[in-house]
Each structure stands twice: as C-alpha cells, then as structure tokens.
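What follows is a set of notes on a single structure, which appears directly below.
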Amino acid sequence: MGRRLLIVLLALGTCFPEGRTNARALSVVELLDRYAAGRFDAVVEVLSGDIDFADVLKQVRRDGPGWIAAGGAEDRARRTLTAATFALEAARAGEWQEWKLTQRQPRVCFSDGGCLEVLNVLYWKAPPLLIEWGCDLLRRNPSPDTTELLWQLAALAVAQRSEDPQFLIGDTKIGLGIAAGEIGNRADEIKHLEHAVSRFPRVTRFTLAQGIARDRDLPEDAIRTYRALERDPDVGGEATMRLGALQLRERKYSNALSSFERAETLTRDPYVVFLARYFRGQALERQNETKDAEAAYRGAVAAIPNAQSATVALAALVARDGRRAEAHRLVRDMFAADPPPRDPWRAFVHGDDRFWPLLIARLRAGISI
Amino acid sequence: MNRGAVFLIVVATAAALLRGQAQTQPRQVIRTGTDVVLVDVSVRDGGRAVTGLRTEDFVLTDNGVRQRVESVEATVVPIDLTLVLDLSGNPRGTWTKATPKSRTIAAIEAEVAEVTKWLRPDDRIRVLAIDTRVQQLWSMRPVASIAAVTNVEAEGMAAVFDTLAAALLQPVEPARRHVVIARTKGVDTISSVDGQAVQAIAERSDALFHVVAMQTAAANDVALCGFQCAMMGFCWPTRRYWVPFQRQLFGVGPVSQLSADGRAIADGAGVTGGGLHTFTGLSAPTLTGTFRKAFEDFRNGYVLRYTPQEVPRAGWHTVEVKAPRSRSFTVRSRRGYFVEEPTLAPTPVPVPEVPRTLRELTTAYERGAYQQVVAGVRQMNEPERLLRDFQDAGNPWPATPRREAAFALELVEPMLFSSRPGDRDAGQELITRFSRLIRHPIEPELFEGYWFFAALTLLEGSLRPVVAEEFVNRALDRFPGEPRFVLSRAILTDQRWATPSPGPKSGGMPGPGHPDSVERRYQDAMAFPETGAEARIRLAWFLHRAGKSGEALTLLQASPTTSATEPALRYLSRLFLGEVLVALDRHDDGVAAFREAMKIIPSAQSAKVALMHALLARGDRAGAEELAERIQSETGADVDPWWMYWQGQYRLHPVAMARLRELIQ
C-alpha cells in the first residue's frame, strides 16, 4: 500500500510539475459582487486564468448562500440568478481542464486465494459540481420560470461542451464491466438532465439532449429518441440529422442519406443544414460518388461559408480533380474569414453550446436589471 | 531522407492564375506568351553537392518528351515557408494540468525564431497550427513582419490531415518556391479528409513537402496514459471525452511502421521531393534540422528553365531530370507538375425588368430589386408552377434562411388571392410550412414576429378566416400577447361572423356565442396602445352591425379613436360615426361626421357616398346630386380605407414586407 502511495505521489508530480501553487487565490464573494454589478467580462477573464476550481467550488458552497441572503428579500431572486450563472461561467472556464476521474480499484483478495474485482469509482471534479450547485439553487423555487429555463438551457450548453454524457444521463457503461469503465458508486451520479426535465418536461431540447448523450454508447436508445422527435418543430430537423449521422457511423449509407434529406425539409437552421450536407458528402465520398459528394460539400459551404470541415473537404476534392485555382481560392477565403465561422462538425457533440452566446447574454441581461 | 531541393513553377499558368484572381469579373482568359517551366534540381555526388553544371549537362523530359533546357541558374529562389505545428492534446484525456496559453505561445515563437534564423529578407513565412481546427497563426509574410502571437487554441483534437491539405493548397507566385514543413504527433482525430487525399493534393502541389514525426511526443502520450492506468488506476479520460476517430500515421516507438495513411503521406511528400521523417536509429528528426537541410539543398541547387514542346499543355506533366555526365551523380527534382485548363468565369445572370423565372426572381431578390420581384410575381401566368419550382429547388440561400422565408411570402401573395381553390390551398400550405421553418431553435426572434405579421396581413386580406385563425393561434403561441396578433385574432373572428359559410373548410357556421367572442377579442386588443384605436373602431362597427349603435357611439366618441395617428383609421372612425349617428336619427351630426371623414382623405369615395345618402334622406336632393357628380368625375388617388376594411390589416402588408426586407439585409 505504501509503495503504491509513493508511486501515486510520483505520478502526481509528473502530472502537475508546478502543482497548484501558481493558481491564483481569489475571492468568490468579490467575483460575485463584480458579476452582480455587470462586470461580466472582467469576471470571465479572471476565471479563464490559472484558477483552482476546487477552491472556487468550496467558496461558492460556503459563501454563496450568505452572499445571496445579504441582498435582502427584494434582491434575492437576482442574486440567486447571479450566483447560479457565475457558477456556470466558472464551470465553462474549467471544464476542459478537469471534469471527473474514474479510478480503477485494486482487487480485493482473500486468504483462501480468491479475489474479488471491485467496480471503478467515479469522482466528480469542480466544474460539474458547480453546475449542480447552481441547478440546486434554482430548483428551490417551487415554480419553474422562464429565467430558470434560460439557465437550464445554458447549463445544458456547458454540460454538452464537456463532451461527457455521464454527467447528463448517468453511467452509459452500466453492465459492460470494469474494463469498459463501469462504476460502482452509482449513488454519486448526477444525471443532470433528470433535473432539467423534471422542471421543464415539455422542452424538447432536453429530450434531444438525452438522445445525444446516448448516441455514442447506447445507439439504439438514441435512435428511438431521434425518431420520436422527428415531427417536433423545434428540434425535429436536428434530431433527424443526428439520426443520419449515427446511421453513417454504422455504415448504413442509404438510411443515412435519406435521413439527411429529410432533415433539410424540417428545418432551415444553417447549423443543421450544414451538418446534413457535410455528412452527406462524407457518405457519398465513402461510396466513391465523388461528383455528388462535391455537390454536397458545396451545399454545406453555402450554408456556412468558410466553415473548415466542408471547405477543406471540398477543396481537397476539386484539387484532386485538377481544379487547383478553385481549391486555392477556397482555402484562401477560409483563412481570410474574420471572425472564422463556427464549424458545426468540429463541435458536433457540443450540441447546444452553439447557443451559449445567446443564452448567457439573456442571463446577464436578467442580472443587469 | 530527401535532401533534394526541387523547384518547379509553371510561370505562365501561375501568372494567368494571379491575373484571374485580380480581376473581379473575368469574362475570358487570354493566354499570352508561352508557358515557361522552372524546375529546381539538386545534384549530389555521394554526400557532396555538385556545382558548376551547365545546360548541356542536363537531360530533361516532360511526359517522356525531351525538352531543351534553356538556362541553368545557380541562384537561390526566394522561399515561401509554411510551418505546420501540432498543438493537439492527448486524445486519451490523461490527468495532466493544461499548459498555460502563454507558455504554448512562447514555445511557438521560440521555434519559429529558430527557423527564421535561416531565412533571408526576401523569404516569407506563415505558420499553421494543428488542433481541433486549422489555425493560421501568421499568414504568409516577410520574416521582418512577424508579430507576436496573440491567441492560439491547443490541447484539443487533431485536424492533422485538414491542416496539411490547407498548407499544401497555397498558390505560389511564379518566382517563388513553396516549402511546407509539418511536425505532427501523427494522430488525426477529426479531419474531414484522409491521408490519401493529402497524398493526392501533394502530388498535384507545387510545394516541397516534409513531414516530421513527433514520435517521442506521441510515445509520451501513450506512456503517460499507460502509467496512470497501471499505477494510479486512471484508465479513462479525465476531460474531453469525444474522439470521433483515431487515424495514426505511424507507431510510437523508434522502430515503428507506417500505417496506410502514413504511407500515403510519405508517398505524397516523396513525390514533391520531400518526405516523412521518422526516427533514424535512435535519432529523432527535428523541425529546424529538416528545414535546414532542405534550405541547404536549395542553396546548392540549380534552377532549370524550359518551354514545354510537343506535349499537351493541360493535365499532369511527369518531369524527369538526369545529369548523365557521371554515373555517380544523384539528381533530386520534382517528379511533375499540373496545368489546369483555364475555365471561363460564369456569366452573371441578367435580370429583366420584370423577372419571370424562378432563377430571375431569386437573383433579383438577392440584389435587392424587390419591386421588380413584386411586379414579376404579380404578372406570373402560372404562379402554382413557380411555387412548385421554388419548393423543389430548396433554399436558394442556405446561409440566410430568413431571405428565403421573406421571398416565400412574396411568391405566395398571388396564390392566396387566386380565384382557384387549389392555388389558395397551395399558398396556405407554403406559409404553414415556413411558419415552422423560420422558428429559431431557442426563442422567437424579431424576424419571426415580423414574418408572422406579414403572413397574417396576407391571410386577413384573403378573407379566409378559418385558415387564418389556425395561423394566428400559432403566432400567439410563439408571441403571447403580441398586440397585432391579438387584433388579428379579433378581426378574423369578426370576418367569420360576417362571412358565414357552412362548408367544413370554413369551420361551420358561427355559433350563437360568436358575437360575444368577437366583442371580447376586440376588447383584448383595445388594451394595447398599438392596436387600441383600431380595435375600438372595429368593435364599434361590429356593435353597430349587431344593432347596438348606442354602444358603438360611445366607443367612437372616445378620444383614442379620434386621435388615431393613421389617417385611414381616423377616416374610418368618422365614417362609422356618421353611419351610427344617422342610424340613431341624428342626421345633422352624421352629415358633419361624413364631412370630417372627407377632409381626412378627400379622394375617398365611401364618405361621399354616405354623405350623399344622408343628404338625400334629409331632403337635400341638390346637394346629393352635386356629390354624385363629383363622385363620378373624380379619379381618387388614394385607396379608400373602407374598401379594405374587411381585409383587416392587409393595408399594412407593404410596411411589414419592407421591414422584413430590411431585416434580411
């Protein structure tokens, strides 16, 4: 045991050559004051620095309730929103640094020589717990309102950007065993989407998010969700496009192509249209239908000009066909685009993170009132 | 490793290309002069560069046909260097602290500074970075113009192939040489193209292409993951959980094999005269070292110039260069080049004064010629065919779906007012479809609100209240309490009472409680300042028709109706007041009200006709006759508001469309 501890400490030294000593000490109360005063960008800048998010979480838990109460009854709702939104900002700033640890456990062996495999243990790190702290804060209001809906949508955006389905729907490896990463401490699971859905059962974006979270590990469940949402006016197009993407991954090209075609009839959202056309291009390319693939990529570029994935795919095709001047022009324009457009493929699993600027702007406006 | 310096430029082709880029609307490509090809060559005898060779010392073939080498120059051509740096993270998401951005930037700047030491003032450099997306840290520029890196994305996924493709797809000026040196950990996780595509691009590229394998870094990534799993139990990612796929170029150890993608990249680089550089023995290749060798080869090389003869100009040209003076000479040069057949630029679609086809209409719309579009649509002989073409063609502006939604409303107007039921149904279907397509995924937007209003004005104008009621419910669902929609609902309820029809499409006959609904809904709209006056006037007219002229009078005499800002509403309030007063046997007051209405819109007929009747009823036959004469002789310039009364807010349709057109700019 002592030897293992030593190794672990050595390894920690490898991982954190500077340890956490450089992390800036900050006062969450001070940041909350600044955030409540509308100095949002300044607070985000601080959070984007070298921050110990575990300390942020600790302070938020310890000082957050007091800070909210200090505003008195008339400012309570605004301060609650401020604290919950601040928690989201912090979670988003830190989510790509450290999200969770899943630790394999040593086997437990007995004197008779028999050994017992112990399931893995999940430890959440600060960013997901910050989201949950904010979620819990807002859920104390007995009746969900539009402000909470905005917050829940923003929380979904942050959670999807983490790329971790487990936070949203629980362990997707259940039943697959230790080697697959199945965890034993299921009581520690968060299943954030259950909170959101229980508050807003008719908001189909949360239903779609459940499908997206199941897409990688539980494709059959995801397919059912996507199909059930097809006629939904808000998410039907995206659900159908994601169904096609899943079918493409399973190499069911004909099904995928028809899903992409259908998706375009259900929405005009350039994000969805781009992806439907981009994936269509990929499916056609894999079937050596180069001309049709080129047309599909062209369509994707028309939906989001200069988005990298389709632009490079198109440029590569035309260059291979000897049309170098066009390929050069495509790449030149892609680099010249300022600001560069958000490429839907590069953030495919980030889902609603594309709405973050809109949602955080709404939340901040609610705080500024 | 390849030490051959190669240089090839098809001067005339590139010049034509640059000309083409400079012109905004090239109608034709004029070929002037003859294509001149420059090939840079290095000749070595063992490890020593061979110098002093002349034209007669080289044998050069282009597609197998021997060419006359016109000149051999020992000058070193200016270099356009593209450096590609891999900043992607460990796809295994190991438990490590993220590198501060400042440190990443400092490392990049230090590395670039190391390379630029070798560059001359007329050389240029650009730097691309591999991460989740292709990043251009510096566009091509002289070394002296290099500025500090302000932002960089790192430790994400690896778009290795996309970045390499983008690096190679760079036009090169005729008198310059493009060199691409990429350093990568060799694991692609998100590119849209594969190794074979990069190979094909390299083979058609003018660049010298070297790839330096970061096998140590890749090995460290794997080792750290293995170590953490074995020793700490952290066998799964701790952050960033999405890796769409992993395509490796090479293995991680000193003795490792290339994958199919790796071989493709190596072959592609080889064709350009470069290569994929992996461990040699225990020595790992470096970016600076690789560039230095390539650069030295340039310095000791030759540039051969020839004009291709007896070979077709367009297409792939295989070039072979030999130096037969000694068998021990090793010649390295590019294996070929590609000449693209010039293509004519597409001719812009001319837009006639009255566009007729869908293409003409969409082009005109795109150019903002809205009145031409309106004229074209109104004069269309087969609007249903146009609508069908429009739906079959899909969105002509996928990046700006709002424009399509506004255009759909332009197209649909004649359909909704058509005398053919099929046309009207098709029109309704289209706007119903678009009411879904324009929804923002998160929240209703301003554009959507205006679009609904413009559509509602059309539906009110087409006098099909049952269909329109469904639509207004949808609009109110999206924009609860929007005054114009609340008024629209009241008008449609009123329309339905005024035009009862037993058919199933008309929703059956209005029930006995219907008048109460009309009244209630107008009262709802009266609560808003935007619609209060109009709702009050309309409610008054409804009450008058329902035999409640006294109540109507109270409403019409209230200040909101008299102070309505829109002349059409003021006119209607006076016209209706006159009618109500006459009905209440207050003829003189009625006459005064009609005269007030005439002052508001002098050319409108309805007030004159009403006045004429009132005068006649009062026994003033001469006055009535005089008015009758005036009515017949006048050609009114303004639309009489009464004529459009039953079409609800259709009078506001042009205003709504103008706003929509502003919003799609």
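Each chain in the structure tokens gets a letter, A, B and so on, in the order shown; residues start at 1 in every chain, and ligands are counted from 1 in the order they appear.
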Problem - segment 525-536 of chain B environment, 10 Å, only C-alpha atoms, sequence neighbours closer than 5 positions dropped, as a PyMOL selection string - result: chain B and resi 481-491+519-520+541-542+552+555-556+558-566+568-570+572-573+648-649
Store the residues of this selection in a file with N, CA and C atoms, as a short mmCIF file (atom, residue, chain, number, x, y, z; two decimals), in the first residue's frame.
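What landed in again_4.cif:
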data_model
loop_
_atom_site.label_atom_id
_atom_site.label_comp_id
_atom_site.auth_asym_id
_atom_site.auth_seq_id
_atom_site.Cartn_x
_atom_site.Cartn_y
_atom_site.Cartn_z
N GLY B 481 -49.51 37.54 -26.42
CA GLY B 481 -49.82 38.92 -26.09
C GLY B 481 -49.32 39.95 -27.08
N GLU B 482 -48.81 39.53 -28.21
CA GLU B 482 -48.36 40.50 -29.23
C GLU B 482 -49.60 41.25 -29.74
N PRO B 483 -49.64 42.58 -29.56
CA PRO B 483 -50.88 43.31 -29.86
C PRO B 483 -51.42 43.09 -31.27
N ARG B 484 -50.55 43.11 -32.26
CA ARG B 484 -51.03 42.97 -33.64
C ARG B 484 -51.65 41.59 -33.87
N PHE B 485 -51.13 40.60 -33.19
CA PHE B 485 -51.69 39.25 -33.35
C PHE B 485 -53.02 39.14 -32.61
N VAL B 486 -53.09 39.81 -31.47
CA VAL B 486 -54.34 39.82 -30.71
C VAL B 486 -55.44 40.50 -31.54
N LEU B 487 -55.07 41.60 -32.17
CA LEU B 487 -56.03 42.29 -33.04
C LEU B 487 -56.40 41.41 -34.23
N SER B 488 -55.40 40.75 -34.77
CA SER B 488 -55.64 39.88 -35.92
C SER B 488 -56.67 38.80 -35.56
N ARG B 489 -56.51 38.24 -34.38
CA ARG B 489 -57.45 37.20 -33.96
C ARG B 489 -58.87 37.77 -33.88
N ALA B 490 -58.99 38.99 -33.37
CA ALA B 490 -60.31 39.61 -33.27
C ALA B 490 -60.89 39.87 -34.66
N ILE B 491 -60.06 40.37 -35.56
CA ILE B 491 -60.54 40.67 -36.92
C ILE B 491 -61.02 39.39 -37.60
N GLU B 519 -66.62 40.45 -29.64
CA GLU B 519 -66.55 41.60 -28.75
C GLU B 519 -65.37 41.46 -27.76
N ARG B 520 -65.28 40.26 -27.19
CA ARG B 520 -64.23 40.02 -26.19
C ARG B 520 -62.84 40.18 -26.80
N TRP B 541 -67.96 49.28 -35.04
CA TRP B 541 -68.65 48.93 -36.29
C TRP B 541 -69.37 47.58 -36.15
N PHE B 542 -68.72 46.69 -35.42
CA PHE B 542 -69.35 45.38 -35.18
C PHE B 542 -70.63 45.56 -34.35
N ALA B 552 -71.91 51.54 -29.80
CA ALA B 552 -70.95 51.90 -30.84
C ALA B 552 -70.61 53.38 -30.76
N LEU B 555 -68.16 54.28 -28.07
CA LEU B 555 -66.79 53.91 -28.43
C LEU B 555 -66.19 54.89 -29.43
N LEU B 556 -66.99 55.27 -30.41
CA LEU B 556 -66.45 56.12 -31.48
C LEU B 556 -66.21 57.55 -31.03
N ALA B 558 -65.03 58.23 -28.12
CA ALA B 558 -63.93 58.25 -27.15
C ALA B 558 -62.66 58.77 -27.83
N SER B 559 -61.79 59.33 -27.03
CA SER B 559 -60.61 60.00 -27.60
C SER B 559 -59.67 59.09 -28.40
N PRO B 560 -59.44 57.82 -28.00
CA PRO B 560 -58.48 57.03 -28.78
C PRO B 560 -58.85 56.91 -30.25
N THR B 561 -60.12 56.89 -30.56
CA THR B 561 -60.47 56.75 -31.97
C THR B 561 -60.26 58.06 -32.71
N THR B 562 -60.58 59.15 -32.05
CA THR B 562 -60.45 60.44 -32.74
C THR B 562 -59.00 60.85 -32.90
N SER B 563 -58.16 60.35 -31.99
CA SER B 563 -56.75 60.76 -32.07
C SER B 563 -55.86 59.71 -32.74
N ALA B 564 -56.47 58.74 -33.43
CA ALA B 564 -55.66 57.71 -34.10
C ALA B 564 -54.70 58.40 -35.08
N THR B 565 -53.46 57.93 -35.09
CA THR B 565 -52.46 58.62 -35.92
C THR B 565 -52.60 58.25 -37.40
N GLU B 566 -53.06 57.07 -37.67
CA GLU B 566 -53.13 56.62 -39.07
C GLU B 566 -54.36 57.27 -39.74
N ALA B 568 -56.06 56.49 -42.24
CA ALA B 568 -57.10 55.53 -42.62
C ALA B 568 -58.01 55.22 -41.43
N LEU B 569 -57.42 55.13 -40.25
CA LEU B 569 -58.24 54.83 -39.07
C LEU B 569 -59.09 56.03 -38.67
N ARG B 570 -58.50 57.22 -38.76
CA ARG B 570 -59.29 58.43 -38.42
C ARG B 570 -60.47 58.55 -39.39
N LEU B 572 -61.96 56.11 -41.01
CA LEU B 572 -62.98 55.10 -40.70
C LEU B 572 -63.79 55.48 -39.46
N SER B 573 -63.08 56.02 -38.46
CA SER B 573 -63.82 56.37 -37.24
C SER B 573 -64.88 57.43 -37.53
N GLY B 648 -58.93 43.61 -43.10
CA GLY B 648 -58.20 43.73 -41.83
C GLY B 648 -56.93 44.55 -41.95
N GLN B 649 -55.80 43.96 -41.53
CA GLN B 649 -54.53 44.70 -41.51
C GLN B 649 -53.75 44.51 -42.82
#
Handout entry: segment 28-136 of chain A: residues DSSP assigns to helix (DSSP H, G or I), reported as a VMD selection string
Key = chain A and resid 28 to 36 40 to 47 53 to 69 73 to 94 126 to 136
Exercise for the section: Please determine the contact residues of chain A with respect to chain B at a cut-off of 8 Å, counting only C-alpha atoms, and supply them as a ChimeraX atom specification. Expected result: /A:4,7-8,11,15-16,50,95-105,162-164,181,233-235,266-270,273,282,299,302-305,308-310,312-313,316-317,319-320,322-325,327-328,331-332,335,346,349,355
Practice task
Using only C-alpha atoms, pick whichever of B:Ala369, B:Leu456, B:Ala617, B:Ile601 has the shortest atom-to-atom distance to Leu476 of chain B.
Solution key: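 Selected residue with least distance to Leu476 of chain B: B:Leu456.
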Handout entry: Minimum-distance residue to Leu116 of chain A, chosen among A:Thr146, A:Ile178, A:Ala157, A:Arg62 (using only C-alpha atoms)
Key =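 Of the candidates, the smallest distance to Leu116 of chain A is held by A:Ile178.
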Exercise for the section: Using only C-alpha atoms, determine which residues lie at most 10 Å from Ile131 of chain A, disregarding the query and same-chain residues fewer than 4 positions distant; provide the list as a list in words. Expected result: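 Selected residues are Leu57, Ala84, Thr85, Phe86, Ala87, Leu88, Glu89, Ala90, Ala91, Arg92, Ala126, Pro127, Cys135, Asp136, Leu137, Gln152, Ala155, Leu156, Val158, Ala159 and His192 of chain A.
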Put those residues in a file: all heavy atoms, as a short mmCIF file (atom, residue, chain, number, x, y, z; two decimals), in the first residue's frame.
data_model
loop_
_atom_site.label_atom_id
_atom_site.label_comp_id
_atom_site.auth_asym_id
_atom_site.auth_seq_id
_atom_site.Cartn_x
_atom_site.Cartn_y
_atom_site.Cartn_z
N LEU A 57 -15.23 26.17 -6.09
CA LEU A 57 -16.40 25.39 -5.67
C LEU A 57 -16.58 25.48 -4.15
O LEU A 57 -17.69 25.69 -3.64
CB LEU A 57 -16.23 23.93 -6.11
CG LEU A 57 -17.31 22.98 -5.62
CD1 LEU A 57 -18.65 23.28 -6.28
CD2 LEU A 57 -16.91 21.52 -5.92
N ALA A 84 -25.94 31.51 -9.53
CA ALA A 84 -26.06 30.31 -10.37
C ALA A 84 -25.38 30.52 -11.71
O ALA A 84 -24.74 29.60 -12.25
CB ALA A 84 -27.54 29.97 -10.56
N THR A 85 -25.50 31.72 -12.26
CA THR A 85 -24.88 32.00 -13.56
C THR A 85 -23.37 32.09 -13.42
O THR A 85 -22.63 31.62 -14.29
CB THR A 85 -25.47 33.30 -14.15
OG1 THR A 85 -26.90 33.19 -14.16
CG2 THR A 85 -24.99 33.52 -15.57
N PHE A 86 -22.92 32.67 -12.33
CA PHE A 86 -21.48 32.71 -12.06
C PHE A 86 -20.93 31.27 -11.99
O PHE A 86 -19.86 30.98 -12.54
CB PHE A 86 -21.21 33.44 -10.74
CG PHE A 86 -19.79 33.31 -10.26
CD1 PHE A 86 -18.79 34.10 -10.79
CD2 PHE A 86 -19.45 32.36 -9.30
CE1 PHE A 86 -17.47 33.95 -10.36
CE2 PHE A 86 -18.14 32.20 -8.87
CZ PHE A 86 -17.15 33.01 -9.40
N ALA A 87 -21.67 30.41 -11.34
CA ALA A 87 -21.23 29.00 -11.26
C ALA A 87 -21.12 28.39 -12.66
O ALA A 87 -20.18 27.63 -12.94
CB ALA A 87 -22.22 28.20 -10.40
N LEU A 88 -22.05 28.74 -13.52
CA LEU A 88 -21.98 28.22 -14.90
C LEU A 88 -20.75 28.76 -15.63
O LEU A 88 -20.07 28.01 -16.35
CB LEU A 88 -23.21 28.69 -15.70
CG LEU A 88 -24.45 27.84 -15.71
CD1 LEU A 88 -25.40 28.32 -16.80
CD2 LEU A 88 -24.12 26.37 -15.95
N GLU A 89 -20.49 30.04 -15.45
CA GLU A 89 -19.32 30.65 -16.11
C GLU A 89 -18.05 29.95 -15.64
O GLU A 89 -17.15 29.65 -16.44
CB GLU A 89 -19.23 32.15 -15.77
CG GLU A 89 -20.41 32.98 -16.25
CD GLU A 89 -20.17 33.69 -17.58
OE1 GLU A 89 -19.34 33.21 -18.36
OE2 GLU A 89 -20.84 34.72 -17.80
N ALA A 90 -17.98 29.69 -14.33
CA ALA A 90 -16.79 29.03 -13.78
C ALA A 90 -16.68 27.61 -14.32
O ALA A 90 -15.59 27.16 -14.69
CB ALA A 90 -16.87 29.02 -12.26
N ALA A 91 -17.81 26.92 -14.39
CA ALA A 91 -17.79 25.54 -14.90
C ALA A 91 -17.31 25.52 -16.34
O ALA A 91 -16.51 24.67 -16.74
CB ALA A 91 -19.19 24.93 -14.80
N ARG A 92 -17.78 26.47 -17.12
CA ARG A 92 -17.39 26.51 -18.54
C ARG A 92 -15.91 26.83 -18.68
O ARG A 92 -15.22 26.29 -19.55
CB ARG A 92 -18.23 27.54 -19.28
CG ARG A 92 -18.12 27.42 -20.78
CD ARG A 92 -19.16 28.29 -21.48
NE ARG A 92 -19.24 27.98 -22.90
CZ ARG A 92 -18.48 28.50 -23.82
NH1 ARG A 92 -17.54 29.36 -23.49
NH2 ARG A 92 -18.61 28.16 -25.09
N ALA A 126 -14.50 19.83 -9.90
CA ALA A 126 -15.27 21.04 -9.58
C ALA A 126 -16.28 21.48 -10.66
O ALA A 126 -17.42 21.81 -10.32
CB ALA A 126 -14.32 22.19 -9.26
N PRO A 127 -15.91 21.51 -11.95
CA PRO A 127 -16.86 22.09 -12.92
C PRO A 127 -18.26 21.46 -12.92
O PRO A 127 -19.25 22.19 -12.83
CB PRO A 127 -16.13 21.92 -14.27
CG PRO A 127 -14.69 21.99 -13.89
CD PRO A 127 -14.61 21.25 -12.58
N CYS A 135 -27.79 24.56 -10.24
CA CYS A 135 -29.06 23.89 -10.57
C CYS A 135 -29.89 23.71 -9.29
O CYS A 135 -31.09 24.00 -9.26
CB CYS A 135 -28.75 22.54 -11.22
SG CYS A 135 -30.19 21.63 -11.73
N ASP A 136 -29.23 23.27 -8.25
CA ASP A 136 -29.91 23.05 -6.97
C ASP A 136 -30.47 24.36 -6.42
O ASP A 136 -31.60 24.42 -5.92
CB ASP A 136 -28.91 22.42 -5.99
CG ASP A 136 -29.54 22.12 -4.65
OD1 ASP A 136 -30.56 21.40 -4.66
OD2 ASP A 136 -29.05 22.62 -3.63
N LEU A 137 -29.70 25.40 -6.58
CA LEU A 137 -30.11 26.73 -6.10
C LEU A 137 -31.42 27.17 -6.77
O LEU A 137 -32.36 27.62 -6.11
CB LEU A 137 -28.99 27.71 -6.46
CG LEU A 137 -28.84 28.99 -5.66
CD1 LEU A 137 -28.61 28.68 -4.21
CD2 LEU A 137 -27.64 29.78 -6.22
N GLN A 152 -31.26 26.71 -17.35
CA GLN A 152 -31.14 25.26 -17.61
C GLN A 152 -30.63 25.01 -19.03
O GLN A 152 -29.85 24.10 -19.27
CB GLN A 152 -32.48 24.57 -17.40
CG GLN A 152 -32.93 24.48 -15.95
CD GLN A 152 -32.11 23.50 -15.12
OE1 GLN A 152 -31.15 22.89 -15.58
NE2 GLN A 152 -32.46 23.36 -13.84
N ALA A 155 -27.02 25.78 -18.92
CA ALA A 155 -26.32 24.69 -18.22
C ALA A 155 -26.15 23.49 -19.14
O ALA A 155 -25.10 22.84 -19.15
CB ALA A 155 -27.09 24.29 -16.97
N LEU A 156 -27.17 23.23 -19.94
CA LEU A 156 -27.07 22.13 -20.90
C LEU A 156 -25.94 22.41 -21.90
O LEU A 156 -25.16 21.52 -22.25
CB LEU A 156 -28.40 21.95 -21.64
CG LEU A 156 -28.40 20.93 -22.77
CD1 LEU A 156 -28.10 19.53 -22.25
CD2 LEU A 156 -29.73 20.93 -23.51
N VAL A 158 -23.26 24.16 -21.42
CA VAL A 158 -21.96 23.94 -20.76
C VAL A 158 -21.70 22.44 -20.61
O VAL A 158 -20.61 21.95 -20.88
CB VAL A 158 -21.92 24.63 -19.38
CG1 VAL A 158 -20.62 24.33 -18.66
CG2 VAL A 158 -22.10 26.14 -19.53
N ALA A 159 -22.73 21.72 -20.20
CA ALA A 159 -22.57 20.29 -19.96
C ALA A 159 -22.26 19.55 -21.27
O ALA A 159 -21.42 18.65 -21.29
CB ALA A 159 -23.82 19.72 -19.32
N HIS A 192 -27.84 15.04 -14.61
CA HIS A 192 -28.34 16.41 -14.61
C HIS A 192 -29.62 16.59 -15.42
O HIS A 192 -30.50 17.38 -15.06
CB HIS A 192 -27.24 17.34 -15.15
CG HIS A 192 -27.71 18.72 -15.39
ND1 HIS A 192 -27.88 19.63 -14.37
CD2 HIS A 192 -28.09 19.36 -16.52
CE1 HIS A 192 -28.34 20.76 -14.86
NE2 HIS A 192 -28.48 20.64 -16.17
#
Completion exercise
Among A:Ser111, A:Asn288, A:Asn141, A:Thr147, Arg364 of chain A is approached most closely, using only C-alpha atoms, by A:Thr147
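Residues lying within 9 Å of Ala283 of chain A, counting only C-alpha atoms and ignoring same-chain neighbours fewer than 4 positions away, are A:Leu248, A:Arg251, A:Tyr253, A:Ser254, A:Ala256, A:Leu257, A:Tyr278, A:Phe279, A:Gln287, A:Asn288, A:Glu289, A:Ala293.
For Gly351 of chain A, the residues within 8 Å (counting only C-alpha atoms, excluding itself and residues fewer than 4 positions away along the chain) are Ala157, Gln160, Arg161, Ala209, Ile212 and Ala347 of chain A.
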Problem - Nearest-residue call for Arg329 of chain A, choices A:Val108, A:Ala361, A:Leu284, A:Ala315, using only C-alpha atoms - result: A:Ala315
Exercise for the section: Name the residues in contact with Gly550 of chain B at a cut-off of 12 Å, using only C-alpha atoms, excluding same-chain residues fewer than 5 positions from it; report them as a PyMOL selection string. Expected result: chain B and resi 540-545+555-557+577+579-586
Practice task
Pick out the residues sitting within 10 Å of Ile108 of chain B, and hand them over as a ChimeraX atom specification; count only C-alpha atoms, and ignore anything fewer than 6 positions along from it in its own chain.
Solution key: /B:85,87,102,114,127,129,137,149,152
